[in-house]
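Structure file final-v4.cif (mmCIF, C-alpha atoms) is printed below.
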```cif
data_data
#
loop_
_atom_site.group_PDB
_atom_site.id
_atom_site.type_symbol
_atom_site.label_atom_id
_atom_site.label_comp_id
_atom_site.auth_asym_id
_atom_site.auth_seq_id
_atom_site.Cartn_x
_atom_site.Cartn_y
_atom_site.Cartn_z
ATOM 1 C CA MET A 184 303.900 88.959 -53.327
ATOM 2 C CA LEU A 185 302.892 91.821 -51.069
ATOM 3 C CA LYS A 186 299.690 91.437 -49.145
ATOM 4 C CA LYS A 187 297.167 94.104 -49.995
ATOM 5 C CA LYS A 188 296.581 96.740 -47.340
ATOM 6 C CA ILE A 189 293.402 96.106 -45.362
ATOM 7 C CA ASN A 190 291.603 98.128 -42.707
ATOM 8 C CA VAL A 191 291.403 96.388 -39.352
ATOM 9 C CA ILE A 192 288.737 97.439 -36.858
ATOM 10 C CA LEU A 193 288.373 95.896 -33.408
ATOM 11 C CA THR A 194 285.838 96.681 -30.700
ATOM 12 C CA PHE A 195 285.721 97.175 -26.954
ATOM 13 C CA ARG A 196 282.236 96.371 -25.570
ATOM 14 C CA ILE A 197 280.335 97.166 -28.760
ATOM 15 C CA ASP A 198 277.136 95.266 -29.579
ATOM 16 C CA GLU A 199 276.804 93.386 -32.854
ATOM 17 C CA SER A 200 273.800 95.583 -33.714
ATOM 18 C CA ASP A 201 276.096 98.635 -33.764
ATOM 19 C CA ILE A 202 278.383 97.005 -36.332
ATOM 20 C CA LYS A 203 275.999 95.694 -38.960
ATOM 21 C CA ASN A 204 275.246 98.927 -40.782
ATOM 22 C CA SER A 205 276.062 100.591 -44.071
ATOM 23 C CA GLU A 206 279.231 102.185 -42.680
ATOM 24 C CA PHE A 207 280.801 98.713 -42.689
ATOM 25 C CA ALA A 208 279.260 97.455 -45.936
ATOM 26 C CA ASN A 209 282.681 96.778 -47.499
ATOM 27 C CA PHE A 210 284.002 94.939 -44.464
ATOM 28 C CA LYS A 211 284.063 91.293 -43.512
ATOM 29 C CA ILE A 212 282.257 91.284 -40.144
ATOM 30 C CA VAL A 213 283.373 88.600 -37.717
ATOM 31 C CA ASP A 214 282.316 87.650 -34.200
ATOM 32 C CA PHE A 215 285.389 86.896 -32.081
ATOM 33 C CA SER A 216 283.541 83.984 -30.455
ATOM 34 C CA ASP A 217 283.166 82.401 -33.932
ATOM 35 C CA VAL A 218 286.941 82.693 -34.409
ATOM 36 C CA LEU A 219 287.456 80.892 -31.101
ATOM 37 C CA LEU A 220 284.978 78.149 -32.072
ATOM 38 C CA LYS A 221 286.666 77.683 -35.454
ATOM 39 C CA ASN A 222 290.015 77.214 -33.686
ATOM 40 C CA ASN A 223 288.565 74.814 -31.075
ATOM 41 C CA TYR A 224 289.491 77.230 -28.308
ATOM 42 C CA HIS A 225 289.010 75.799 -24.845
ATOM 43 C CA PRO A 226 289.679 78.027 -21.789
ATOM 44 C CA SER A 227 291.092 75.172 -19.730
ATOM 45 C CA LYS A 228 293.751 74.184 -22.291
ATOM 46 C CA ASP A 229 294.361 77.415 -24.244
ATOM 47 C CA SER A 230 296.014 80.523 -22.837
ATOM 48 C CA GLU A 231 294.856 84.126 -23.213
ATOM 49 C CA LEU A 232 297.687 84.545 -25.705
ATOM 50 C CA ASN A 233 296.260 81.681 -27.808
ATOM 51 C CA LYS A 234 292.988 83.622 -28.067
ATOM 52 C CA LEU A 235 294.806 86.684 -29.375
ATOM 53 C CA GLU A 236 296.881 84.581 -31.778
ATOM 54 C CA TYR A 237 293.670 83.093 -33.230
ATOM 55 C CA LEU A 238 292.261 86.594 -33.636
ATOM 56 C CA SER A 239 295.460 87.850 -35.270
ATOM 57 C CA LYS A 240 295.536 84.858 -37.640
ATOM 58 C CA GLU A 241 291.986 85.744 -38.743
ATOM 59 C CA ILE A 242 293.143 89.288 -39.536
ATOM 60 C CA ILE A 243 296.365 88.211 -41.257
ATOM 61 C CA ASN A 244 294.498 85.740 -43.483
ATOM 62 C CA SER A 245 291.747 88.184 -44.421
ATOM 63 C CA GLU A 246 291.697 89.468 -47.992
ATOM 64 C CA ASP A 247 289.071 92.050 -47.100
ATOM 65 C CA ASN A 248 288.735 94.936 -44.690
ATOM 66 C CA ILE A 249 287.671 93.357 -41.417
ATOM 67 C CA VAL A 250 285.657 94.279 -38.332
ATOM 68 C CA ILE A 251 285.903 91.876 -35.416
ATOM 69 C CA TYR A 252 283.483 92.489 -32.571
ATOM 70 C CA ASN A 253 283.503 91.058 -29.026
ATOM 71 C CA THR A 254 287.269 91.647 -28.893
ATOM 72 C CA GLY A 255 289.478 93.095 -26.228
ATOM 73 C CA SER A 256 288.652 91.907 -22.751
ATOM 74 C CA SER A 257 291.579 93.969 -21.457
ATOM 75 C CA LEU A 258 293.428 97.027 -22.743
ATOM 76 C CA GLU A 259 296.618 94.994 -23.021
ATOM 77 C CA ASP A 260 294.905 92.716 -25.574
ATOM 78 C CA PHE A 261 295.041 95.506 -28.159
ATOM 79 C CA ASP A 262 298.779 96.009 -27.540
ATOM 80 C CA THR A 263 299.440 92.284 -27.943
ATOM 81 C CA ILE A 264 297.419 92.080 -31.170
ATOM 82 C CA SER A 265 299.288 95.125 -32.539
ATOM 83 C CA GLU A 266 302.617 93.426 -31.842
ATOM 84 C CA ILE A 267 301.509 90.188 -33.531
ATOM 85 C CA LEU A 268 300.341 92.124 -36.627
ATOM 86 C CA LYS A 269 303.502 94.274 -36.985
ATOM 87 C CA PRO A 270 305.641 91.751 -38.939
ATOM 88 C CA TYR A 271 302.781 91.496 -41.477
ATOM 89 C CA GLU A 272 302.762 95.286 -41.912
ATOM 90 C CA LEU A 273 299.231 95.415 -40.533
ATOM 91 C CA ILE A 274 297.889 97.729 -37.867
ATOM 92 C CA ILE A 275 294.668 98.091 -35.929
ATOM 93 C CA ASN A 276 293.187 101.083 -37.757
ATOM 94 C CA ASN A 277 290.344 101.668 -35.311
ATOM 95 C CA ILE A 278 289.167 100.504 -31.932
ATOM 96 C CA LEU A 279 285.456 101.166 -31.545
ATOM 97 C CA VAL A 280 284.062 101.953 -28.093
ATOM 98 C CA PRO A 281 280.515 102.815 -26.987
ATOM 99 C CA ASN A 282 279.738 106.538 -27.100
ATOM 100 C CA GLU A 283 278.690 108.419 -23.967
ATOM 101 C CA SER A 284 274.939 107.966 -24.470
ATOM 102 C CA LYS A 285 275.366 104.201 -24.930
ATOM 103 C CA ARG A 286 277.547 104.041 -21.818
ATOM 104 C CA LYS A 287 274.902 105.942 -19.830
ATOM 105 C CA GLN A 288 272.253 103.537 -21.157
ATOM 106 C CA GLN A 289 274.394 100.547 -20.118
ATOM 107 C CA LEU A 290 274.652 102.051 -16.629
ATOM 108 C CA ALA A 291 270.880 102.671 -16.459
ATOM 109 C CA ASP A 292 270.186 99.112 -17.672
ATOM 110 C CA GLY A 293 272.542 97.719 -15.032
ATOM 111 C CA GLN A 294 270.933 99.799 -12.296
ATOM 112 C CA LYS A 295 267.455 98.695 -13.367
ATOM 113 C CA ALA A 296 268.507 95.032 -13.411
ATOM 114 C CA TYR A 297 269.962 95.460 -9.935
ATOM 115 C CA ARG A 298 266.759 97.113 -8.633
ATOM 116 C CA ASP A 299 264.545 94.471 -10.223
ATOM 117 C CA HIS A 300 266.654 91.413 -9.414
ATOM 118 C CA SER A 301 268.997 92.287 -6.540
ATOM 119 C CA ARG A 302 267.865 89.184 -4.652
ATOM 120 C CA TRP A 303 269.359 86.996 -7.379
ATOM 121 C CA LEU A 304 272.323 89.100 -8.473
ATOM 122 C CA HIS A 305 275.593 88.816 -6.627
ATOM 123 C CA PHE A 306 276.450 92.521 -6.655
ATOM 124 C CA TYR A 307 276.986 94.695 -3.627
ATOM 125 C CA PRO A 308 275.289 98.131 -3.506
ATOM 126 C CA GLY A 309 277.223 100.570 -5.674
ATOM 127 C CA GLU A 310 279.090 97.878 -7.630
ATOM 128 C CA ILE A 311 277.206 98.659 -10.874
ATOM 129 C CA GLU A 312 278.250 102.328 -10.611
ATOM 130 C CA GLU A 313 281.799 101.344 -9.676
ATOM 131 C CA ASN A 314 282.050 99.083 -12.757
ATOM 132 C CA HIS A 315 280.737 101.946 -14.914
ATOM 133 C CA LYS A 316 283.396 104.360 -13.566
ATOM 134 C CA CYS A 317 286.064 101.718 -14.164
ATOM 135 C CA PHE A 318 284.904 101.271 -17.778
ATOM 136 C CA GLU A 319 284.915 105.057 -18.318
ATOM 137 C CA GLN A 320 288.507 105.116 -17.060
ATOM 138 C CA LYS A 321 289.475 102.252 -19.385
ATOM 139 C CA ILE A 322 288.158 104.214 -22.379
ATOM 140 C CA LYS A 323 290.157 107.313 -21.308
ATOM 141 C CA THR A 324 293.268 105.154 -20.893
ATOM 142 C CA LEU A 325 292.731 103.498 -24.285
ATOM 143 C CA LYS A 326 292.372 106.904 -25.978
ATOM 144 C CA ALA A 327 295.501 108.224 -24.257
ATOM 145 C CA ARG A 328 297.518 105.105 -25.089
ATOM 146 C CA TYR A 329 296.752 105.336 -28.810
ATOM 147 C CA GLN A 330 296.651 109.142 -29.085
ATOM 148 C CA ASN A 331 299.888 109.504 -31.075
ATOM 149 C CA THR A 332 299.660 106.298 -33.086
ATOM 150 C CA GLU A 333 298.084 105.214 -36.355
ATOM 151 C CA THR A 334 295.309 103.533 -34.367
ATOM 152 C CA LYS A 335 292.260 105.724 -33.731
ATOM 153 C CA VAL A 336 289.857 105.090 -30.852
ATOM 154 C CA LEU A 337 286.381 106.032 -32.054
ATOM 155 C CA GLU A 338 283.111 106.304 -30.115
ATOM 156 C CA ILE A 339 280.081 104.993 -31.972
#
```
Take the structure in the file and write it out as structure tokens.
Amino acid sequence: MLKKKINVILTFRIDESDIKNSEFANFKIVDFSDVLLKNNYHPSKDSELNKLEYLSKEIINSEDNIVIYNTGSSLEDFDTISEILKPYELIINNILVPNESKRKQQLADGQKAYRDHSRWLHFYPGEIEENHKCFEQKIKTLKARYQNTETKVLEI
């Protein structure tokens, strides 16, 4: 029996609040951390690959379109998940990333936290901005990597 075709959407630094809206009404919405809990994931005994295998298993076993948020701690994670899904004739349809205004807000929030709490935060001056530039570059790289594939990188 052929598995029905489902839409698979993963996220890269997207808040749960950005997922739970009418656009995803026909999707099963899953928190990646819940998948890890369900599989008794433990960082000291499980590898990074185990995490991605648990995530892939959740997708493979889904009967419904699925959005999994809190995924992708590195760009390579998406490549690994794609490879695991291939034999099941599944793809990552979309990778959602924060849009420019959300990224600017994240930067402003980080700068404010640093100003208000620099005594307690272990950041050097300029590290918040450096992290922001690094994240911007990761989004550009992600878009370039998937430009000519079936996977679309969308800003929301």
message = Could you tell me, as a ChimeraX atom specification, exactly which residues end up selected when the PyMOL selection byres ((chain A and resi 217) around 12) is applied to this structure?
response = /A:212-216,218-224,234,237-238,241,251-254
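As for atom CA of Asn233 of chain A and atom CA of Ser200 of chain A, they are spaced 27.1 Å apart.
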task = One decimal, Å: what's the distance from atom CA of Asp198 of chain A over to atom CA of Ile278 of chain A, could you say?
result =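 Those two atoms sit 13.3 Å apart.
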Best match for closeness to Leu337 of chain A among A:Asn209, A:Asn282, A:Asn248, A:Asn204, counting all atoms listed in the file = A:Asn282
Taking all listed atoms of segment 303-314 of chain A, build the axis-aligned box, pad each of the six sides by 8 Å, then write its centre and edge lengths in Å to one decimal as lines of an AutoDock Vina configuration file.
```
center_x = 275.7
center_y = 94.7
center_z = -8.1
size_x = 28.7
size_y = 31.3
size_z = 25.3
```
message = Suppose a student applies the PyMOL selection byres ((chain A and resi 265) around 12) to this structure; what residues should they get, written as a ChimeraX atom specification?
response = /A:191-193,235-236,238-239,242-243,255,258-264,266-278,329,332-334
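Rounded to one decimal, atom CA of Phe207 of chain A and atom CA of Lys323 of chain A lie 24.9 Å from each other.
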message = Which residues are close to Lys321 of chain A, i.e. within 12 Å by only C-alpha atoms, leaving aside same-chain residues fewer than 6 positions away? Reply as a PyMOL selection string.
response = chain A and resi 195-196+255-259+280-281+314-315+327-328+336
Protein/DNA/RNA residues near (288.8, 93.4, -42.4), cut 6 Å, only C-alpha atoms, as a compact mmCIF listing (two decimals) with C-alpha atoms, keeping the file's coordinate frame:
```txt
# COMPACT_ATOMS: atom_id res chain seq x y z
CA ASN A 190 291.60 98.13 -42.71
CA VAL A 191 291.40 96.39 -39.35
CA PHE A 210 284.00 94.94 -44.46
CA LYS A 211 284.06 91.29 -43.51
CA ASP A 247 289.07 92.05 -47.10
CA ASN A 248 288.74 94.94 -44.69
CA ILE A 249 287.67 93.36 -41.42
CA VAL A 250 285.66 94.28 -38.33
```
message = So, with all atoms listed in the file as the atoms that count, which of A:Arg302, A:Pro308, A:Glu246, A:Phe318 lies closest to Lys187 of chain A?
response = A:Glu246
